[in-house]
$ cat query_28.json   # JSON, C-alpha atoms and all ligand atoms
[["chain", "number", "residue", "atom", "x", "y", "z"],
["J", 1, "MET", "CA", -26.71, 29.48, -2.19],
["J", 2, "GLN", "CA", -25.36, 27.50, 0.77],
["J", 3, "SER", "CA", -22.39, 25.21, 0.06],
["J", 4, "SER", "CA", -22.80, 21.45, 0.55],
["J", 5, "TYR", "CA", -19.29, 21.22, 2.03],
["J", 6, "GLY", "CA", -18.12, 22.04, 5.51],
["J", 7, "VAL", "CA", -15.19, 24.41, 5.93],
["J", 8, "TYR", "CA", -12.97, 21.62, 7.33],
["J", 9, "GLU", "CA", -13.62, 19.47, 4.27],
["J", 10, "VAL", "CA", -12.45, 22.29, 2.02],
["J", 11, "PHE", "CA", -9.53, 23.65, 4.04],
["J", 12, "THR", "CA", -7.50, 20.79, 5.49],
["J", 13, "PRO", "CA", -4.41, 22.13, 7.27],
["J", 14, "THR", "CA", -3.92, 18.93, 9.25],
["J", 15, "THR", "CA", -5.36, 16.22, 7.02],
["J", 16, "GLN", "CA", -5.09, 15.08, 3.43],
["J", 17, "ALA", "CA", -7.05, 17.21, 0.96],
["J", 18, "GLN", "CA", -9.75, 15.42, -0.99],
["J", 19, "VAL", "CA", -12.59, 17.77, -1.96],
["J", 20, "ASN", "CA", -10.17, 20.67, -2.52],
["J", 21, "PHE", "CA", -7.30, 18.62, -3.96],
["J", 22, "VAL", "CA", -5.27, 20.79, -6.33],
["J", 23, "PRO", "CA", -3.80, 18.73, -9.20],
["J", 24, "ARG", "CA", -0.03, 19.01, -9.74],
["J", 25, "LYS", "CA", -0.02, 17.65, -13.26],
["J", 26, "ALA", "CA", 3.62, 16.73, -13.79],
["J", 27, "ILE", "CA", 3.99, 14.92, -10.46],
["J", 28, "ASP", "CA", 0.50, 13.39, -10.65],
["J", 29, "ASP", "CA", 1.30, 11.88, -14.08],
["J", 30, "GLN", "CA", 4.66, 10.51, -12.95],
["J", 31, "LEU", "CA", 3.01, 8.88, -9.95],
["J", 32, "VAL", "CA", 0.17, 7.35, -11.97],
["J", 33, "ASP", "CA", 2.71, 5.99, -14.50],
["J", 34, "ALA", "CA", 4.73, 4.36, -11.73],
["J", 35, "LEU", "CA", 1.58, 2.96, -10.10],
["J", 36, "ARG", "CA", 0.50, 1.41, -13.39],
["J", 37, "THR", "CA", 3.88, -0.15, -14.23],
["J", 38, "PRO", "CA", 3.81, -3.80, -13.09],
["J", 39, "GLY", "CA", 6.63, -4.72, -10.72],
["J", 40, "LYS", "CA", 7.79, -1.14, -10.04],
["J", 41, "GLN", "CA", 8.34, -0.50, -6.36],
["J", 42, "LEU", "CA", 7.84, 3.12, -5.39],
["J", 43, "ILE", "CA", 9.65, 5.50, -3.08],
["J", 44, "VAL", "CA", 7.95, 8.85, -2.54],
["J", 45, "TYR", "CA", 10.07, 11.44, -0.74],
["J", 46, "GLY", "CA", 10.27, 15.16, -0.03],
["J", 47, "GLU", "CA", 10.02, 17.64, 2.83],
["J", 48, "SER", "CA", 7.42, 17.19, 5.52],
["J", 49, "GLY", "CA", 4.23, 18.97, 4.41],
["J", 50, "SER", "CA", 5.11, 18.90, 0.70],
["J", 51, "GLY", "CA", 1.97, 16.87, -0.07],
["J", 52, "LYS", "CA", 3.22, 13.27, -0.41],
["J", 53, "SER", "CA", 0.37, 11.55, 1.44],
["J", 54, "THR", "CA", -2.28, 13.77, -0.16],
["J", 55, "LEU", "CA", -0.94, 13.13, -3.65],
["J", 56, "LEU", "CA", -0.76, 9.40, -3.12],
["J", 57, "LEU", "CA", -4.23, 9.14, -1.62],
["J", 58, "ASN", "CA", -5.77, 10.99, -4.57],
["J", 59, "MET", "CA", -3.85, 9.04, -7.23],
["J", 60, "LEU", "CA", -4.55, 5.66, -5.61],
["J", 61, "TRP", "CA", -8.27, 6.24, -6.02],
["J", 62, "GLN", "CA", -7.71, 6.46, -9.76],
["J", 63, "THR", "CA", -5.54, 3.37, -10.00],
["J", 64, "TYR", "CA", -6.27, 0.81, -7.28],
["J", 65, "PRO", "CA", -9.54, -0.75, -6.08],
["J", 66, "ALA", "CA", -8.14, -0.92, -2.53],
["J", 67, "HIS", "CA", -4.88, -0.61, -0.64],
["J", 68, "ILE", "CA", -3.55, -1.00, 2.87],
["J", 69, "THR", "CA", -1.46, 1.55, 4.78],
["J", 70, "THR", "CA", 1.04, 0.82, 7.53],
["J", 71, "ARG", "CA", 2.44, 3.73, 9.57],
["J", 72, "CYS", "CA", 5.96, 3.47, 10.94],
["J", 73, "SER", "CA", 7.67, 4.86, 14.00],
["J", 74, "THR", "CA", 11.10, 4.29, 15.53],
["J", 75, "ALA", "CA", 9.60, 1.30, 17.36],
["J", 76, "THR", "CA", 8.44, -0.44, 14.16],
["J", 77, "THR", "CA", 10.30, -3.62, 13.37],
["J", 78, "TYR", "CA", 10.31, -5.61, 10.14],
["J", 79, "GLU", "CA", 8.16, -8.25, 11.86],
["J", 80, "SER", "CA", 5.61, -5.75, 13.14],
["J", 81, "LEU", "CA", 5.47, -4.21, 9.66],
["J", 82, "LEU", "CA", 4.50, -7.54, 8.09],
["J", 83, "LEU", "CA", 2.10, -8.37, 10.92],
["J", 84, "ASP", "CA", 0.30, -5.07, 10.52],
["J", 85, "ALA", "CA", -0.13, -5.69, 6.79],
["J", 86, "PHE", "CA", -1.51, -9.19, 7.41],
["J", 87, "ASP", "CA", -3.93, -7.85, 10.00],
["J", 88, "GLN", "CA", -5.29, -5.37, 7.50],
["J", 89, "LEU", "CA", -5.96, -8.19, 5.05],
["J", 90, "ASP", "CA", -8.38, -9.89, 7.48],
["J", 91, "PRO", "CA", -11.52, -8.39, 5.95],
["J", 92, "TYR", "CA", -10.54, -9.66, 2.51],
["J", 93, "TYR", "CA", -9.84, -13.26, 3.53],
["J", 94, "LEU", "CA", -11.80, -13.87, 6.75],
["J", 95, "GLN", "CA", -14.95, -11.90, 6.05],
["J", 96, "GLY", "CA", -15.02, -12.50, 2.32],
["J", 97, "THR", "CA", -14.78, -8.84, 1.31],
["J", 98, "THR", "CA", -13.50, -8.70, -2.25],
["J", 99, "THR", "CA", -12.05, -6.00, -4.42],
["J", 100, "GLN", "CA", -13.28, -5.69, -8.03],
["J", 101, "LYS", "CA", -10.05, -7.33, -9.15],
["J", 102, "SER", "CA", -10.23, -10.55, -7.16],
["J", 103, "ARG", "CA", -13.82, -11.50, -8.14],
["J", 104, "ASN", "CA", -13.72, -14.92, -6.44],
["J", 105, "ILE", "CA", -11.81, -15.79, -3.34],
["J", 106, "SER", "CA", -9.35, -18.61, -3.99],
["J", 107, "PRO", "CA", -9.96, -21.51, -1.55],
["J", 108, "ALA", "CA", -6.22, -22.31, -1.44],
["J", 109, "LEU", "CA", -5.25, -18.76, -0.56],
["J", 110, "THR", "CA", -8.01, -18.46, 2.02],
["J", 111, "ALA", "CA", -6.92, -21.75, 3.61],
["J", 112, "GLY", "CA", -3.32, -20.44, 3.70],
["J", 113, "PHE", "CA", -4.48, -17.25, 5.37],
["J", 114, "LEU", "CA", -6.53, -19.13, 7.98],
["J", 115, "ASN", "CA", -3.56, -21.39, 8.69],
["J", 116, "PHE", "CA", -1.36, -18.42, 9.25],
["J", 117, "LYS", "CA", -3.91, -16.83, 11.58],
["J", 118, "ALA", "CA", -4.16, -20.06, 13.57],
["J", 119, "SER", "CA", -0.40, -20.28, 14.04],
["J", 120, "LEU", "CA", -0.32, -16.65, 15.06],
["J", 121, "ALA", "CA", -2.98, -17.28, 17.71],
["J", 122, "ALA", "CA", -1.17, -20.43, 18.91],
["J", 123, "GLY", "CA", 2.05, -18.45, 19.30],
["J", 124, "LEU", "CA", 0.45, -16.12, 21.86],
["J", 125, "SER", "CA", 1.17, -17.12, 25.42],
["J", 126, "GLU", "CA", -1.78, -17.11, 27.81],
["J", 127, "GLY", "CA", -2.31, -14.08, 30.01],
["J", 128, "SER", "CA", 0.23, -11.90, 28.30],
["J", 129, "SER", "CA", -0.59, -8.90, 26.21],
["J", 130, "GLN", "CA", -0.89, -9.42, 22.46],
["J", 131, "ALA", "CA", 1.46, -6.56, 21.59],
["J", 132, "GLU", "CA", 4.31, -8.03, 23.66],
["J", 133, "THR", "CA", 4.15, -11.59, 22.48],
["J", 134, "ARG", "CA", 3.16, -11.61, 18.84],
["J", 135, "VAL", "CA", 5.83, -13.46, 16.95],
["J", 136, "LEU", "CA", 6.01, -13.79, 13.21],
["J", 137, "PRO", "CA", 5.21, -17.41, 12.29],
["J", 138, "PRO", "CA", 7.78, -18.86, 9.85],
["J", 139, "GLN", "CA", 5.15, -19.18, 7.12],
["J", 140, "LEU", "CA", 4.47, -15.45, 7.25],
["J", 141, "THR", "CA", 6.96, -14.21, 4.71],
["J", 142, "ALA", "CA", 7.14, -11.23, 2.38],
["J", 143, "GLN", "CA", 6.40, -13.68, -0.44],
["J", 144, "ARG", "CA", 3.13, -14.80, 1.18],
["J", 145, "LEU", "CA", 2.13, -11.22, 1.92],
["J", 146, "ALA", "CA", 2.85, -10.23, -1.68],
["J", 147, "GLU", "CA", 0.65, -13.09, -2.92],
["J", 148, "PHE", "CA", -2.23, -12.24, -0.57],
["J", 149, "LEU", "CA", -2.07, -8.59, -1.67],
["J", 150, "GLY", "CA", -1.56, -9.46, -5.32],
["J", 151, "PHE", "CA", -4.55, -11.76, -5.47],
["J", 152, "GLN", "CA", -6.76, -8.88, -4.35],
["J", 153, "GLY", "CA", -5.07, -6.50, -6.83],
["J", 154, "MET", "CA", -3.92, -4.32, -3.93],
["J", 155, "CYS", "CA", -0.81, -2.34, -3.06],
["J", 156, "TRP", "CA", 0.88, -1.65, 0.27],
["J", 157, "VAL", "CA", 1.57, 1.94, 1.37],
["J", 158, "ILE", "CA", 4.21, 2.32, 4.08],
["J", 159, "GLU", "CA", 4.05, 5.80, 5.63],
["J", 160, "ASP", "CA", 7.04, 7.40, 7.38],
["J", 161, "PHE", "CA", 9.32, 4.50, 6.51],
["J", 162, "HIS", "CA", 12.35, 6.73, 7.18],
["J", 163, "LYS", "CA", 11.53, 6.58, 10.91],
["J", 164, "MET", "CA", 12.37, 2.87, 11.21],
["J", 165, "LEU", "CA", 15.77, 1.94, 12.61],
["J", 166, "PRO", "CA", 18.32, 1.18, 9.86],
["J", 167, "SER", "CA", 18.75, -2.43, 11.06],
["J", 168, "GLU", "CA", 14.98, -3.02, 10.71],
["J", 169, "LYS", "CA", 14.88, -1.45, 7.26],
["J", 170, "VAL", "CA", 17.41, -3.93, 5.81],
["J", 171, "PRO", "CA", 15.12, -7.00, 5.56],
["J", 172, "PHE", "CA", 12.40, -4.83, 4.04],
["J", 173, "SER", "CA", 14.78, -3.45, 1.39],
["J", 174, "GLN", "CA", 15.70, -7.01, 0.51],
["J", 175, "SER", "CA", 12.06, -8.02, 0.24],
["J", 176, "LEU", "CA", 11.49, -5.44, -2.53],
["J", 177, "LYS", "CA", 12.94, -7.98, -4.97],
["J", 178, "ILE", "CA", 10.33, -10.52, -3.82],
["J", 179, "PHE", "CA", 7.51, -8.05, -4.51],
["J", 180, "CYS", "CA", 8.94, -7.50, -7.99],
["J", 181, "ASP", "CA", 9.10, -11.24, -8.67],
["J", 182, "VAL", "CA", 5.57, -11.88, -7.39],
["J", 183, "SER", "CA", 4.30, -9.25, -9.83],
["J", 184, "ALA", "CA", 4.94, -11.77, -12.63],
["J", 185, "ASN", "CA", 1.81, -13.60, -11.39],
["J", 186, "TYR", "CA", 0.04, -10.64, -9.80],
["J", 187, "PRO", "CA", 0.85, -7.49, -11.85],
["J", 188, "ASP", "CA", -0.81, -5.05, -9.43],
["J", 189, "VAL", "CA", 1.11, -5.93, -6.30],
["J", 190, "LYS", "CA", 3.41, -3.12, -5.23],
["J", 191, "THR", "CA", 5.01, -1.42, -2.23],
["J", 192, "ILE", "CA", 4.99, 2.35, -1.86],
["J", 193, "SER", "CA", 7.41, 3.62, 0.77],
["J", 194, "ILE", "CA", 6.99, 7.24, 1.85],
["J", 195, "GLY", "CA", 9.53, 9.29, 3.76],
["J", 196, "ALA", "CA", 10.12, 12.92, 4.69],
["J", 197, "THR", "CA", 13.73, 12.94, 3.48],
["J", 198, "GLU", "CA", 15.94, 14.70, 0.94],
["J", 199, "THR", "CA", 16.83, 11.59, -1.05],
["J", 200, "ALA", "CA", 15.07, 8.34, -1.92],
["J", 201, "ARG", "CA", 17.95, 6.34, -0.46],
["J", 202, "GLN", "CA", 17.35, 7.89, 2.95],
["J", 203, "VAL", "CA", 13.91, 6.26, 2.80],
["J", 204, "VAL", "CA", 14.87, 2.80, 1.55],
["J", 205, "GLU", "CA", 18.44, 1.74, 0.89],
["J", 206, "TYR", "CA", 17.61, -0.69, -1.91],
["J", 207, "ASP", "CA", 20.16, -3.00, -3.53],
["J", 208, "PRO", "CA", 21.90, -1.65, -6.66],
["J", 209, "GLU", "CA", 20.38, -4.53, -8.70],
["J", 210, "MET", "CA", 16.95, -3.05, -7.91],
["J", 211, "ARG", "CA", 17.79, 0.26, -9.60],
["J", 212, "ASN", "CA", 15.55, -0.36, -12.61],
["J", 213, "ARG", "CA", 12.73, -1.79, -10.56],
["J", 214, "VAL", "CA", 12.39, 1.15, -8.21],
["J", 215, "SER", "CA", 10.67, 4.43, -9.11],
["J", 216, "LYS", "CA", 11.72, 7.43, -7.04],
["J", 217, "LEU", "CA", 9.39, 10.37, -6.90],
["J", 218, "LEU", "CA", 10.37, 13.68, -5.31],
["J", 219, "VAL", "CA", 7.38, 15.74, -4.15],
["J", 220, "PRO", "CA", 8.57, 19.36, -3.84],
["J", 221, "LEU", "CA", 6.89, 21.97, -1.65],
["J", 222, "MET", "CA", 3.82, 23.47, -3.32],
["J", 223, "THR", "CA", 4.42, 26.56, -5.44],
["J", 224, "HIS", "CA", 2.89, 29.95, -4.78],
["J", 225, "ASP", "CA", 0.39, 29.36, -7.61],
["J", 226, "GLU", "CA", -0.63, 25.93, -6.31],
["J", 227, "LEU", "CA", -1.19, 27.38, -2.83],
["J", 228, "SER", "CA", -3.26, 30.23, -4.29],
["J", 229, "GLU", "CA", -5.34, 27.66, -6.13],
["J", 230, "ILE", "CA", -6.28, 26.02, -2.82],
["J", 231, "ILE", "CA", -7.73, 29.36, -1.64],
["J", 232, "ILE", "CA", -9.42, 30.20, -4.94],
["J", 233, "ASN", "CA", -11.02, 26.72, -5.30],
["J", 234, "GLY", "CA", -11.95, 26.86, -1.63],
["J", 235, "GLN", "CA", -13.98, 30.03, -2.08],
["J", 236, "ASP", "CA", -15.90, 28.44, -4.95],
["J", 237, "LEU", "CA", -16.54, 25.24, -3.00],
["J", 238, "LEU", "CA", -17.76, 27.16, 0.03],
["J", 239, "ASN", "CA", -19.56, 29.79, -2.01],
["J", 240, "ILE", "CA", -17.84, 32.65, -0.24],
["J", 241, "ASP", "CA", -15.81, 35.63, -1.41],
["J", 242, "MET", "CA", -12.40, 35.95, 0.18],
["J", 243, "THR", "CA", -10.97, 38.44, -2.34],
["J", 244, "ARG", "CA", -10.48, 41.16, 0.28],
["J", 245, "LEU", "CA", -8.76, 38.75, 2.65],
["J", 246, "ILE", "CA", -6.52, 37.38, -0.14],
["J", 247, "ASN", "CA", -5.59, 40.93, -1.25],
["J", 248, "LEU", "CA", -4.84, 41.84, 2.35],
["J", 249, "LEU", "CA", -2.58, 38.78, 2.76],
["J", 250, "PHE", "CA", -0.72, 39.57, -0.48],
["J", 251, "ALA", "CA", -0.35, 43.20, 0.62],
["J", 252, "ILE", "CA", 1.11, 42.08, 3.98],
["J", 253, "GLN", "CA", 3.45, 39.73, 2.14],
["J", 254, "ARG", "CA", 4.60, 42.58, -0.13],
["J", 255, "VAL", "CA", 5.19, 44.87, 2.86],
["J", 256, "PHE", "CA", 7.33, 42.17, 4.49],
["J", 257, "GLN", "CA", 9.24, 41.67, 1.26],
["J", 258, "VAL", "CA", 9.93, 45.39, 0.95],
["J", 259, "CYS", "CA", 11.01, 45.60, 4.61],
["J", 260, "ALA", "CA", 13.30, 42.59, 4.20],
["J", 261, "THR", "CA", 14.83, 44.04, 1.03],
["J", 262, "ASN", "CA", 15.35, 47.39, 2.74],
["J", 263, "LEU", "CA", 16.97, 45.78, 5.77],
["J", 264, "LEU", "CA", 19.25, 43.74, 3.55],
["J", 265, "SER", "CA", 20.27, 46.74, 1.44],
["J", 266, "THR", "CA", 20.97, 48.81, 4.58],
["J", 267, "HIS", "CA", 23.09, 45.99, 5.99],
["J", 268, "VAL", "CA", 25.06, 45.58, 2.75],
["J", 269, "LEU", "CA", 25.57, 49.34, 2.42],
["J", 270, "ARG", "CA", 26.80, 49.62, 6.02],
["J", 271, "ARG", "CA", 29.30, 46.79, 5.55],
["J", 272, "HIS", "CA", 30.50, 48.34, 2.30],
["J", 273, "ARG", "CA", 30.97, 51.73, 3.99],
["J", 274, "ARG", "CA", 32.84, 50.14, 6.93],
["J", 275, "HIS", "CA", 35.17, 48.27, 4.55],
["J", 276, "SER", "CA", 35.86, 51.48, 2.60],
["J", 277, "GLU", "CA", 36.59, 53.39, 5.83],
["J", 278, "GLU", "CA", 38.92, 50.62, 7.07],
["J", 279, "GLY", "CA", 40.69, 50.56, 3.68],
["J", 280, "ALA", "CA", 41.15, 54.36, 3.64],
["J", 301, "LIG", "N1", -2.46, 18.83, -3.95],
["J", 301, "LIG", "C1", -2.95, 19.37, -2.83],
["J", 301, "LIG", "N2", -4.11, 20.08, -2.86],
["J", 301, "LIG", "C2", -4.59, 20.67, -1.75],
["J", 301, "LIG", "N3", -4.00, 20.58, -0.54],
["J", 301, "LIG", "C3", -2.86, 19.87, -0.44],
["J", 301, "LIG", "C4", -2.28, 19.23, -1.57],
["J", 301, "LIG", "N4", -1.15, 18.61, -1.19],
["J", 301, "LIG", "C5", -1.05, 18.82, 0.12],
["J", 301, "LIG", "N5", -2.07, 19.57, 0.58],
["J", 301, "LIG", "C6", -2.26, 20.00, 1.99],
["J", 301, "LIG", "O1", -0.97, 20.27, 2.50],
["J", 301, "LIG", "C7", -0.79, 19.72, 3.79],
["J", 301, "LIG", "C8", 0.40, 18.75, 3.80],
["J", 301, "LIG", "O2", 0.11, 17.65, 2.96],
["J", 301, "LIG", "P1", 0.53, 16.14, 3.34],
["J", 301, "LIG", "O3", 0.11, 15.78, 4.72],
["J", 301, "LIG", "O4", 0.05, 15.30, 2.23],
["J", 301, "LIG", "O5", 2.13, 16.30, 3.31],
["J", 301, "LIG", "P2", 3.24, 15.18, 3.54],
["J", 301, "LIG", "O6", 4.30, 15.43, 2.54],
["J", 301, "LIG", "O7", 2.61, 13.83, 3.54],
["J", 301, "LIG", "O8", 3.78, 15.54, 5.00],
["J", 301, "LIG", "P3", 4.50, 14.55, 6.04],
["J", 301, "LIG", "O9", 5.82, 14.16, 5.45],
["J", 301, "LIG", "O10", 4.67, 15.42, 7.27],
["J", 301, "LIG", "O11", 3.61, 13.38, 6.28],
["J", 301, "LIG", "C9", -2.10, 19.08, 4.17],
["J", 301, "LIG", "O12", -2.80, 19.99, 4.96],
["J", 301, "LIG", "C10", -2.82, 18.87, 2.85],
["J", 301, "LIG", "O13", -4.23, 18.96, 2.98],
["J", 302, "MG", "MG", 2.41, 12.34, 5.04]]

$ encode --input "query_28.json" --output "structure tokens"
Amino acid sequence: MQSSYGVYEVFTPTTQAQVNFVPRKAIDDQLVDALRTPGKQLIVYGESGSGKSTLLLNMLWQTYPAHITTRCSTATTYESLLLDAFDQLDPYYLQGTTTQKSRNISPALTAGFLNFKASLAAGLSEGSSQAETRVLPPQLTAQRLAEFLGFQGMCWVIEDFHKMLPSEKVPFSQSLKIFCDVSANYPDVKTISIGATETARQVVEYDPEMRNRVSKLLVPLMTHDELSEIIINGQDLLNIDMTRLINLLFAIQRVFQVCATNLLSTHVLRRHRRHSEEGA
């Protein structure tokens, strides 16, 4: 029988896995716990390719009706970070899209959002490009953003936060406290900062007083078994048999292992012999 999935939906070397997502129970549970704890700000870290974005995407579907994602680079400033988040909220406040959580749009919040948009438009000088001249209006604060997100029951994912310059990270780290405080009124609001680093502090250098309000989650590289599961599930999803290919790959791997072990032993033996000869 022909599979209903395409091969690129099942094997996703360059995108986040969805159809063929392999659960990693211990990490999945820790992440879901942190996502469900009101006020907890999250830092997800680990080597590039360890599965941070994939894990988050799949767990957010279980826990949040909607979320926004901002991607950082070395050029991202604190202001542009906030502006990007506000831009992504447009559909929820300007076009009346609602998440299941918000039910009715609050007139006061919508008016606040429209006001902010108007001052943003007024701040643009004529004839100049939008990217150059967008300036953060004073009323656009982390507090306002947290409220706009919180009202919709949404969270804010910040990808590659480690790439931002340290000076630009500082105001964001300080705003984590604001997100915590706003969660008293809006329990779902949350920031999730992701970075390909070895420690959580290399992603966000949060204040020591925030220690109990920040959850740090290390995503390690996938194990051999988890990687095998991607291939095994993939064959089922595509309705194909890759047993011969898998056996071949394992055989090649074993040959390499044996060769490497032999080379190492030869090297160690030679050094040992040389030492003995020099000592004699
Ligand atoms: N649980 C999983 N099940 C199946 N495939 C996965 C899983 N986790 C990760 N992958 C696959 O591994 C690759 C790397 O995953 P991902 O992009 O999520 O890593 P990352 O940690 O976010 O990397 P980076 O730091 O470079 O952004 C992707 O091709 C993805 O499809
Ligand atoms: Mg990623």

$ residues_near_ligand --input "query_28.json" --ligand "ligand MG 302 (chain J)" --cutoff "12 Å" --atoms "all atoms listed in the file" --output "mmCIF file with C-alpha atoms, in the coordinates of the input"
data_model
loop_
_atom_site.group_PDB
_atom_site.id
_atom_site.type_symbol
_atom_site.label_atom_id
_atom_site.label_comp_id
_atom_site.auth_asym_id
_atom_site.auth_seq_id
_atom_site.Cartn_x
_atom_site.Cartn_y
_atom_site.Cartn_z
ATOM 1 C CA THR J 14 -3.920 18.930 9.250
ATOM 2 C CA THR J 15 -5.360 16.220 7.020
ATOM 3 C CA GLN J 16 -5.090 15.080 3.430
ATOM 4 C CA ALA J 17 -7.050 17.210 0.960
ATOM 5 C CA VAL J 44 7.950 8.850 -2.540
ATOM 6 C CA TYR J 45 10.070 11.440 -0.740
ATOM 7 C CA GLY J 46 10.270 15.160 -0.030
ATOM 8 C CA GLU J 47 10.020 17.640 2.830
ATOM 9 C CA SER J 48 7.420 17.190 5.520
ATOM 10 C CA GLY J 49 4.230 18.970 4.410
ATOM 11 C CA SER J 50 5.110 18.900 0.700
ATOM 12 C CA GLY J 51 1.970 16.870 -0.070
ATOM 13 C CA LYS J 52 3.220 13.270 -0.410
ATOM 14 C CA SER J 53 0.370 11.550 1.440
ATOM 15 C CA THR J 54 -2.280 13.770 -0.160
ATOM 16 C CA LEU J 55 -0.940 13.130 -3.650
ATOM 17 C CA LEU J 56 -0.760 9.400 -3.120
ATOM 18 C CA LEU J 57 -4.230 9.140 -1.620
ATOM 19 C CA THR J 69 -1.460 1.550 4.780
ATOM 20 C CA THR J 70 1.040 0.820 7.530
ATOM 21 C CA ARG J 71 2.440 3.730 9.570
ATOM 22 C CA CYS J 72 5.960 3.470 10.940
ATOM 23 C CA VAL J 157 1.570 1.940 1.370
ATOM 24 C CA ILE J 158 4.210 2.320 4.080
ATOM 25 C CA GLU J 159 4.050 5.800 5.630
ATOM 26 C CA ASP J 160 7.040 7.400 7.380
ATOM 27 C CA PHE J 161 9.320 4.500 6.510
ATOM 28 C CA HIS J 162 12.350 6.730 7.180
ATOM 29 C CA SER J 193 7.410 3.620 0.770
ATOM 30 C CA ILE J 194 6.990 7.240 1.850
ATOM 31 C CA GLY J 195 9.530 9.290 3.760
ATOM 32 C CA ALA J 196 10.120 12.920 4.690
ATOM 33 C CA THR J 197 13.730 12.940 3.480
ATOM 34 C CA VAL J 219 7.380 15.740 -4.150
#

$ closest_residue --input "query_28.json" --among "J:Thr110, J:Asn233, J:Asn212, J:Gln95" --to "ligand LIG 301 (chain J)" --atoms "only C-alpha atoms and all ligand atoms"
J:Asn233

$ closest_residue --input "query_28.json" --among "J:Ala75, J:Val258, J:Leu218, J:Leu42" --to "ligand LIG 301 (chain J)" --atoms "all atoms listed in the file"
J:Leu218

$ residues_around --input "query_28.json" --residues "region 169-171 of chain J" --least-positions-apart "3" --cutoff "8 Å" --atoms "all atoms listed in the file" --output "ChimeraX atom specification"
/J:77-78,164-166,174-175,204-205

$ residues_around --input "query_28.json" --residues "region 1-9 of chain J" --least-positions-apart "5" --cutoff "10 Å" --atoms "all atoms listed in the file" --output "JSON, numbers by chain"
{"J": [14, 15, 16, 17, 18, 19, 20, 234, 235, 236, 237, 238, 239, 240]}

$ closest_residue --input "query_28.json" --among "J:Leu82, J:Ala26, J:Leu249, J:Met154" --to "Trp61 (chain J)" --atoms "all atoms listed in the file"
J:Met154

$ residues_around --input "query_28.json" --residues "Pro137 (chain J)" --least-positions-apart "5" --cutoff "10 Å" --atoms "only C-alpha atoms" --output "PyMOL selection string"
chain J and resi 79+83+116-123

$ axis_aligned_box --input "query_28.json" --around "ligand LIG 301 (chain J)" --padding-each-side "5 Å" --output "JSON"
{"center_x": 0.6, "center_y": 17.0, "center_z": 1.7, "size_x": 20.4, "size_y": 17.3, "size_z": 21.2}

$ decode --input "query_28.json" --residues "region 144-157 of chain J" --atoms "N, CA and C atoms" --output "PDB file, in the first residue's frame"
ATOM      1  N   ARG J 144       4.061  45.780  28.411  1.00  0.00           N
ATOM      2  CA  ARG J 144       2.923  45.813  27.486  1.00  0.00           C
ATOM      3  C   ARG J 144       2.912  44.544  26.631  1.00  0.00           C
ATOM      4  N   LEU J 145       4.098  44.177  26.154  1.00  0.00           N
ATOM      5  CA  LEU J 145       4.189  42.978  25.319  1.00  0.00           C
ATOM      6  C   LEU J 145       3.708  41.752  26.110  1.00  0.00           C
ATOM      7  N   ALA J 146       4.158  41.667  27.355  1.00  0.00           N
ATOM      8  CA  ALA J 146       3.766  40.525  28.197  1.00  0.00           C
ATOM      9  C   ALA J 146       2.247  40.495  28.351  1.00  0.00           C
ATOM     10  N   GLU J 147       1.629  41.663  28.513  1.00  0.00           N
ATOM     11  CA  GLU J 147       0.166  41.708  28.673  1.00  0.00           C
ATOM     12  C   GLU J 147      -0.552  41.300  27.384  1.00  0.00           C
ATOM     13  N   PHE J 148      -0.050  41.817  26.243  1.00  0.00           N
ATOM     14  CA  PHE J 148      -0.686  41.459  24.969  1.00  0.00           C
ATOM     15  C   PHE J 148      -0.582  39.949  24.711  1.00  0.00           C
ATOM     16  N   LEU J 149       0.577  39.392  25.029  1.00  0.00           N
ATOM     17  CA  LEU J 149       0.759  37.937  24.850  1.00  0.00           C
ATOM     18  C   LEU J 149      -0.117  37.173  25.839  1.00  0.00           C
ATOM     19  N   GLY J 150      -0.054  37.640  27.096  1.00  0.00           N
ATOM     20  CA  GLY J 150      -0.756  36.936  28.182  1.00  0.00           C
ATOM     21  C   GLY J 150      -2.245  36.882  27.940  1.00  0.00           C
ATOM     22  N   PHE J 151      -2.810  37.973  27.440  1.00  0.00           N
ATOM     23  CA  PHE J 151      -4.248  38.007  27.208  1.00  0.00           C
ATOM     24  C   PHE J 151      -4.668  36.926  26.214  1.00  0.00           C
ATOM     25  N   GLN J 152      -3.795  36.655  25.250  1.00  0.00           N
ATOM     26  CA  GLN J 152      -4.100  35.629  24.244  1.00  0.00           C
ATOM     27  C   GLN J 152      -3.671  34.239  24.718  1.00  0.00           C
ATOM     28  N   GLY J 153      -3.106  34.147  25.921  1.00  0.00           N
ATOM     29  CA  GLY J 153      -2.647  32.846  26.435  1.00  0.00           C
ATOM     30  C   GLY J 153      -1.477  32.300  25.639  1.00  0.00           C
ATOM     31  N   MET J 154      -0.615  33.211  25.157  1.00  0.00           N
ATOM     32  CA  MET J 154       0.480  32.798  24.276  1.00  0.00           C
ATOM     33  C   MET J 154       1.840  32.907  24.965  1.00  0.00           C
ATOM     34  N   CYS J 155       2.829  32.226  24.371  1.00  0.00           N
ATOM     35  CA  CYS J 155       4.199  32.387  24.855  1.00  0.00           C
ATOM     36  C   CYS J 155       5.082  32.878  23.705  1.00  0.00           C
ATOM     37  N   TRP J 156       6.289  33.301  24.071  1.00  0.00           N
ATOM     38  CA  TRP J 156       7.202  33.926  23.100  1.00  0.00           C
ATOM     39  C   TRP J 156       8.485  33.103  23.016  1.00  0.00           C
ATOM     40  N   VAL J 157       8.727  32.502  21.856  1.00  0.00           N
ATOM     41  CA  VAL J 157       9.933  31.690  21.646  1.00  0.00           C
ATOM     42  C   VAL J 157      10.995  32.569  20.993  1.00  0.00           C
TER      43      VAL J 157
END
